[in-house]
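The next block is coords-v5.tsv, given as TSV, C-alpha atoms.
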chain	number	residue	atom	x	y	z
A	1	MET	CA	-74.10	76.24	-79.56
A	2	THR	CA	-74.87	74.98	-76.07
A	3	THR	CA	-76.44	77.11	-73.39
A	4	PRO	CA	-75.87	76.86	-69.65
A	5	MET	CA	-79.35	75.30	-69.38
A	6	THR	CA	-78.48	72.57	-71.97
A	7	GLU	CA	-75.20	71.83	-70.17
A	8	THR	CA	-77.08	71.49	-66.87
A	9	VAL	CA	-79.59	69.04	-68.41
A	10	ASP	CA	-76.79	67.04	-70.09
A	11	MET	CA	-74.83	66.96	-66.83
A	12	GLN	CA	-77.88	65.71	-64.90
A	13	ALA	CA	-78.49	62.97	-67.49
A	14	LEU	CA	-74.83	61.98	-67.33
A	15	LEU	CA	-74.82	61.88	-63.52
A	16	SER	CA	-78.01	59.82	-63.54
A	17	ARG	CA	-76.49	57.36	-66.02
A	18	ILE	CA	-73.30	57.07	-63.93
A	19	ALA	CA	-75.34	56.36	-60.79
A	20	GLU	CA	-77.28	53.64	-62.65
A	21	LEU	CA	-74.07	52.01	-63.90
A	22	GLU	CA	-72.53	52.12	-60.42
A	23	GLN	CA	-75.58	50.25	-59.07
A	24	ARG	CA	-75.27	47.59	-61.77
A	25	VAL	CA	-71.54	47.14	-61.09
A	26	ALA	CA	-72.21	46.83	-57.34
A	27	ALA	CA	-74.85	44.16	-57.99
A	28	LEU	CA	-72.47	42.20	-60.22
A	29	GLU	CA	-69.66	42.42	-57.67
A	30	GLN	CA	-71.93	40.98	-54.96
A	31	SER	CA	-72.62	37.80	-56.96
A	32	PRO	CA	-69.75	37.17	-59.37
A	33	ALA	CA	-70.26	34.31	-61.79
A	34	GLN	CA	-72.63	32.38	-59.56
A	35	SER	CA	-74.17	30.64	-62.54
A	36	ILE	CA	-70.83	29.38	-63.88
A	37	GLU	CA	-70.58	25.62	-63.40
A	38	ASP	CA	-68.02	22.91	-64.05
A	39	ARG	CA	-69.09	22.58	-67.67
A	40	LEU	CA	-67.63	22.52	-71.15
A	41	ALA	CA	-69.87	23.58	-74.03
A	42	MET	CA	-68.56	22.90	-77.51
A	43	VAL	CA	-69.79	23.66	-81.01
A	44	VAL	CA	-68.60	21.07	-83.52
A	45	PHE	CA	-68.92	22.86	-86.86
A	46	SER	CA	-66.16	21.16	-88.83
A	47	GLY	CA	-66.66	17.95	-90.75
A	48	ASP	CA	-62.94	17.21	-90.84
A	49	LEU	CA	-61.66	14.02	-89.23
A	50	ASP	CA	-58.75	15.65	-87.43
A	51	LYS	CA	-61.03	18.29	-85.91
A	52	ALA	CA	-63.62	15.67	-84.90
A	53	ILE	CA	-60.85	13.68	-83.22
A	54	ALA	CA	-59.74	16.80	-81.33
A	55	ALA	CA	-63.34	17.52	-80.30
A	56	PHE	CA	-63.87	14.00	-78.94
A	57	ILE	CA	-60.48	13.98	-77.17
A	58	ILE	CA	-61.26	17.29	-75.46
A	59	ALA	CA	-64.79	16.14	-74.59
A	60	THR	CA	-63.67	12.84	-73.10
A	61	GLY	CA	-60.79	14.49	-71.25
A	62	ALA	CA	-63.08	17.12	-69.75
A	63	ALA	CA	-65.72	14.54	-68.82
A	64	SER	CA	-63.11	12.31	-67.16
A	65	MET	CA	-62.01	15.35	-65.11
A	66	GLY	CA	-65.55	15.76	-63.81
A	67	LEU	CA	-66.87	18.48	-66.10
A	68	GLU	CA	-70.34	18.20	-67.57
A	69	VAL	CA	-69.79	18.27	-71.33
A	70	SER	CA	-72.14	19.15	-74.15
A	71	MET	CA	-71.29	18.97	-77.83
A	72	PHE	CA	-73.50	20.83	-80.31
A	73	PHE	CA	-73.07	19.38	-83.82
A	74	THR	CA	-73.99	21.80	-86.57
A	75	PHE	CA	-73.57	22.01	-90.37
A	76	TRP	CA	-70.61	19.88	-91.52
A	77	GLY	CA	-69.93	18.68	-87.97
A	78	ILE	CA	-73.09	16.57	-88.13
A	79	GLY	CA	-71.11	14.07	-90.24
A	80	ALA	CA	-69.35	12.97	-87.03
A	81	VAL	CA	-72.63	11.70	-85.60
A	82	LYS	CA	-74.17	10.12	-88.68
A	83	LYS	CA	-74.40	6.35	-89.16
A	84	GLN	CA	-75.59	6.10	-92.79
A	85	LYS	CA	-76.83	7.89	-95.88
A	86	VAL	CA	-80.53	7.84	-96.74
A	87	PHE	CA	-81.71	9.10	-100.12
A	88	SER	CA	-85.40	8.18	-100.07
A	89	GLY	CA	-87.93	10.86	-99.23
A	90	LYS	CA	-85.57	13.71	-100.11
A	91	ASN	CA	-85.80	16.35	-102.82
A	92	LEU	CA	-83.06	16.69	-105.45
A	93	LEU	CA	-81.01	19.24	-103.49
A	94	GLU	CA	-81.17	17.17	-100.29
A	95	GLN	CA	-80.11	14.07	-102.25
A	96	GLY	CA	-77.18	16.09	-103.61
A	97	PHE	CA	-76.06	17.02	-100.11
A	98	THR	CA	-76.44	13.39	-99.04
A	99	ALA	CA	-74.29	12.23	-101.96
A	100	MET	CA	-71.55	14.80	-101.38
A	101	LEU	CA	-71.31	14.71	-97.58
A	102	PRO	CA	-69.85	11.90	-95.48
A	103	GLY	CA	-72.34	9.31	-94.28
A	104	LYS	CA	-70.58	8.53	-91.01
A	105	LEU	CA	-67.56	9.25	-88.84
A	106	GLY	CA	-65.52	6.67	-90.75
A	107	GLU	CA	-65.92	8.65	-93.98
A	108	LEU	CA	-64.61	12.03	-92.75
A	109	GLY	CA	-61.52	13.36	-94.50
A	110	LEU	CA	-58.65	15.39	-93.10
A	111	SER	CA	-58.59	19.18	-93.16
A	112	GLN	CA	-55.05	19.12	-94.57
A	113	MET	CA	-53.29	16.55	-96.76
A	114	ASN	CA	-56.40	14.42	-97.27
A	115	PHE	CA	-55.18	13.09	-100.64
A	116	PHE	CA	-58.60	11.78	-101.70
A	117	GLY	CA	-59.06	9.93	-98.42
A	118	ALA	CA	-55.58	8.41	-98.16
A	119	GLY	CA	-54.59	11.00	-95.53
A	120	ALA	CA	-57.45	9.97	-93.26
A	121	GLN	CA	-56.40	6.33	-93.54
A	122	ILE	CA	-52.78	7.24	-92.75
A	123	ILE	CA	-53.88	9.12	-89.60
A	124	ARG	CA	-56.05	6.18	-88.54
A	125	ASN	CA	-53.11	3.80	-89.03
A	126	LEU	CA	-50.80	6.09	-87.06
A	127	MET	CA	-53.34	6.28	-84.24
A	128	LYS	CA	-53.50	2.49	-84.15
A	129	GLN	CA	-49.69	2.13	-84.18
A	130	HIS	CA	-49.41	4.57	-81.27
A	131	ASP	CA	-52.26	3.00	-79.29
A	132	VAL	CA	-54.43	6.08	-79.62
A	133	ALA	CA	-58.15	5.40	-79.50
A	134	SER	CA	-59.86	5.50	-82.90
A	135	PRO	CA	-62.44	8.22	-83.62
A	136	GLU	CA	-65.18	5.61	-83.20
A	137	GLU	CA	-63.74	4.52	-79.84
A	138	LEU	CA	-63.51	8.16	-78.73
A	139	PHE	CA	-67.15	8.67	-79.71
A	140	ALA	CA	-68.19	5.58	-77.72
A	141	MET	CA	-66.10	6.72	-74.77
A	142	ALA	CA	-67.75	10.15	-74.86
A	143	ARG	CA	-71.16	8.50	-74.68
A	144	GLU	CA	-70.06	6.23	-71.82
A	145	LEU	CA	-68.83	9.29	-69.92
A	146	GLY	CA	-72.22	10.97	-70.30
A	147	VAL	CA	-71.26	13.64	-72.82
A	148	ARG	CA	-74.43	15.35	-74.03
A	149	MET	CA	-74.59	15.32	-77.82
A	150	VAL	CA	-77.05	17.66	-79.52
A	151	VAL	CA	-77.64	17.86	-83.28
A	152	CYS	CA	-78.65	21.28	-84.62
A	153	ASP	CA	-82.25	21.12	-85.87
A	154	MET	CA	-81.79	23.98	-88.35
A	155	SER	CA	-78.66	22.49	-89.93
A	156	ARG	CA	-80.26	19.07	-90.09
A	157	GLU	CA	-83.28	20.54	-91.87
A	158	LEU	CA	-81.20	22.65	-94.27
A	159	LEU	CA	-79.02	19.69	-95.26
A	160	GLY	CA	-81.97	17.29	-95.46
A	161	ILE	CA	-80.62	14.93	-92.82
A	162	LYS	CA	-83.21	12.41	-91.65
A	163	ASP	CA	-83.45	10.97	-88.12
A	164	GLU	CA	-82.56	7.51	-89.40
A	165	GLU	CA	-79.22	8.85	-90.68
A	166	LEU	CA	-78.12	9.86	-87.19
A	167	VAL	CA	-76.60	7.69	-84.49
A	168	ASP	CA	-79.34	6.54	-82.12
A	169	GLY	CA	-79.88	8.36	-78.84
A	170	LEU	CA	-78.77	11.85	-79.81
A	171	GLU	CA	-80.69	14.95	-78.81
A	172	THR	CA	-81.82	17.57	-81.28
A	173	GLY	CA	-82.10	21.24	-80.48
A	174	GLY	CA	-81.50	24.75	-81.64
A	175	VAL	CA	-79.12	27.53	-80.82
A	176	ALA	CA	-80.99	28.20	-77.56
A	177	THR	CA	-80.08	24.67	-76.43
A	178	PHE	CA	-76.39	25.38	-77.01
A	179	LEU	CA	-76.54	28.85	-75.48
A	180	GLY	CA	-78.25	27.45	-72.39
A	181	ASP	CA	-75.26	25.15	-71.89
A	182	ALA	CA	-72.67	27.76	-72.86
A	183	ALA	CA	-74.08	30.41	-70.53
A	184	ARG	CA	-73.29	28.18	-67.55
A	185	ALA	CA	-69.98	26.76	-68.83
A	186	LYS	CA	-66.48	27.54	-67.58
A	187	VAL	CA	-65.17	26.66	-71.04
A	188	THR	CA	-66.78	27.19	-74.43
A	189	LEU	CA	-65.11	25.99	-77.64
A	190	PHE	CA	-65.86	26.23	-81.37
A	191	ILE	CA	-64.24	23.49	-83.45
Give the structure from the file, written as C-alpha cells.
Amino acid sequence: MTTPMTETVDMQALLSRIAELEQRVAALEQSPAQSIEDRLAMVVFSGDLDKAIAAFIIATGAASMGLEVSMFFTFWGIGAVKKQKVFSGKNLLEQGFTAMLPGKLGELGLSQMNFFGAGAQIIRNLMKQHDVASPEELFAMARELGVRMVVCDMSRELLGIKDEELVDGLETGGVATFLGDAARAKVTLFI
C-alpha cells in the first residue's frame, strides 16, 4: 500500500529522471551523428566461397565509390585471407583444424551445392565465362583500393593459425579494432 508521501517521492524521482532524459535528447539533437563517416565496416565470418565473393564485391564497390572500407576476418572467414597451411609448431588440435580448414581462398567451397568442391569450380568457370573477376582478382583489387583487412587475433589463436599462413601485409586486431571502425561507419555488414 502506497502512502501520499511515497507517491510524492516516486513522483519527484520520476520528474527528475524525465528532466535528465530531456537534457540527453537535447544534447543528441544538437549534434546528430557527427562521428558518422563515409565508411563501410564488415565482419567476414563465413568461410564459404560465395560469401567471400560477395564480401569482396561489396568492399571493392564501396571503396570505388569513395568509402573507407574495413573488413574484419574472423573464425571461418580467415580462410579467405590465408595463403598456405602450416602444420609445424602446432599441437594436435591445431593440426586438426589446419587439416580440415581451407588453406587459401582457392580452396573455399560453396555454401550450397558444393558437391565435394565441384560446385566451387563450376562457379569459378561461370565467373570466367561471364567476365566476372575471380575471387583472387577481387581480393587484389580490394588491396589496390586501400581496403583495410584485419584478422581477428582471438580466432587466429583459437584455430592455431600462424602468421606465415596469412597473406602478407594484413593487420591483426581484436573486437575493439572492428568496433572502432563500425562506430564511425555509415554501413556495417556481417557476412
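Atom CA of Arg184 of chain A is positioned 17.7 Å from atom CA of Glu29 of chain A.
Of the residues listed (A:Asp38, A:Glu94, A:Asp48, A:Glu22), A:Asp38 shows the shortest atom-to-atom separation from Glu68 of chain A; distances use all atoms listed in the file.
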Per residue of segment 16-54 of chain A within 12 Å of segment 118-124 of chain A, note the shortest atom pair and the distance in Å to one decimal, counting only C-alpha atoms, and order the rows by chain and increasing residue number, as CSV.
residue,atom,partner,partner_atom,distance
A:Asp48,CA,A:Ala120,CA,9.4
A:Leu49,CA,A:Ala120,CA,7.1
A:Asp50,CA,A:Ala120,CA,8.2
A:Lys51,CA,A:Ala120,CA,11.7
A:Ala52,CA,A:Ala120,CA,11.9
A:Ile53,CA,A:Arg124,CA,10.4
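Atom CA of Glu144 of chain A to atom CA of Val167 of chain A spans 14.3 Å [interatomic distance, one decimal].
From atom CA of Glu37 of chain A back to atom CA of Gly66 of chain A, the distance works out to 11.1 Å.
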Query - Non-local contacts of Ala59 of chain A (8 Å; all atoms listed in the file; under 5 positions in same chain excluded) as an MDAnalysis selection string - result: chainID A and resid 40 69:71 142 147
Query raised in the report: Could you pull the residues within 9 Å of Leu170 of chain A, counting only C-alpha atoms, minus those fewer than 6 positions along the same chain, as a PyMOL selection string?
Result: chain A and resi 81+148-151
Requested in this report: Within 7 Å of segment 160-166 of chain A, counting all atoms listed in the file, which residues show up once you throw out same-chain ones fewer than 4 positions away? Write them as a ChimeraX atom specification, please.
Outcome: /A:81-86,90,94,156
Query - Shortest interatomic distance to Ile57 of chain A - which of A:Leu126, A:Val175, A:Met141, A:Leu101, counting all atoms listed in the file - result: A:Met141
Query raised in the report: Restricting the calculation to all atoms listed in the file, which member of A:Gly146, A:Ala182, A:Asp168, A:Ser111 is positioned closest to Gly61 of chain A?
Result: A:Gly146
Could you give me the centre and size, in Å to one decimal, of an axis-aligned box around all listed atoms of segment 169-178 of chain A with 6 Å added on every side, as lines of an AutoDock Vina configuration file?
center_x = -79.2
center_y = 18.3
center_z = -79.0
size_x = 17.7
size_y = 31.8
size_z = 17.2
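Considering the residues A:Gly96, A:Ile18, A:Ala133, A:Phe73 and counting all atoms listed in the file, Val43 of chain A has its shortest atom-to-atom contact with A:Phe73.
Considering the residues A:Arg39, A:Ser46, A:Ser64, A:Cys152 and counting only C-alpha atoms, Pro102 of chain A has its shortest atom-to-atom contact with A:Ser46.
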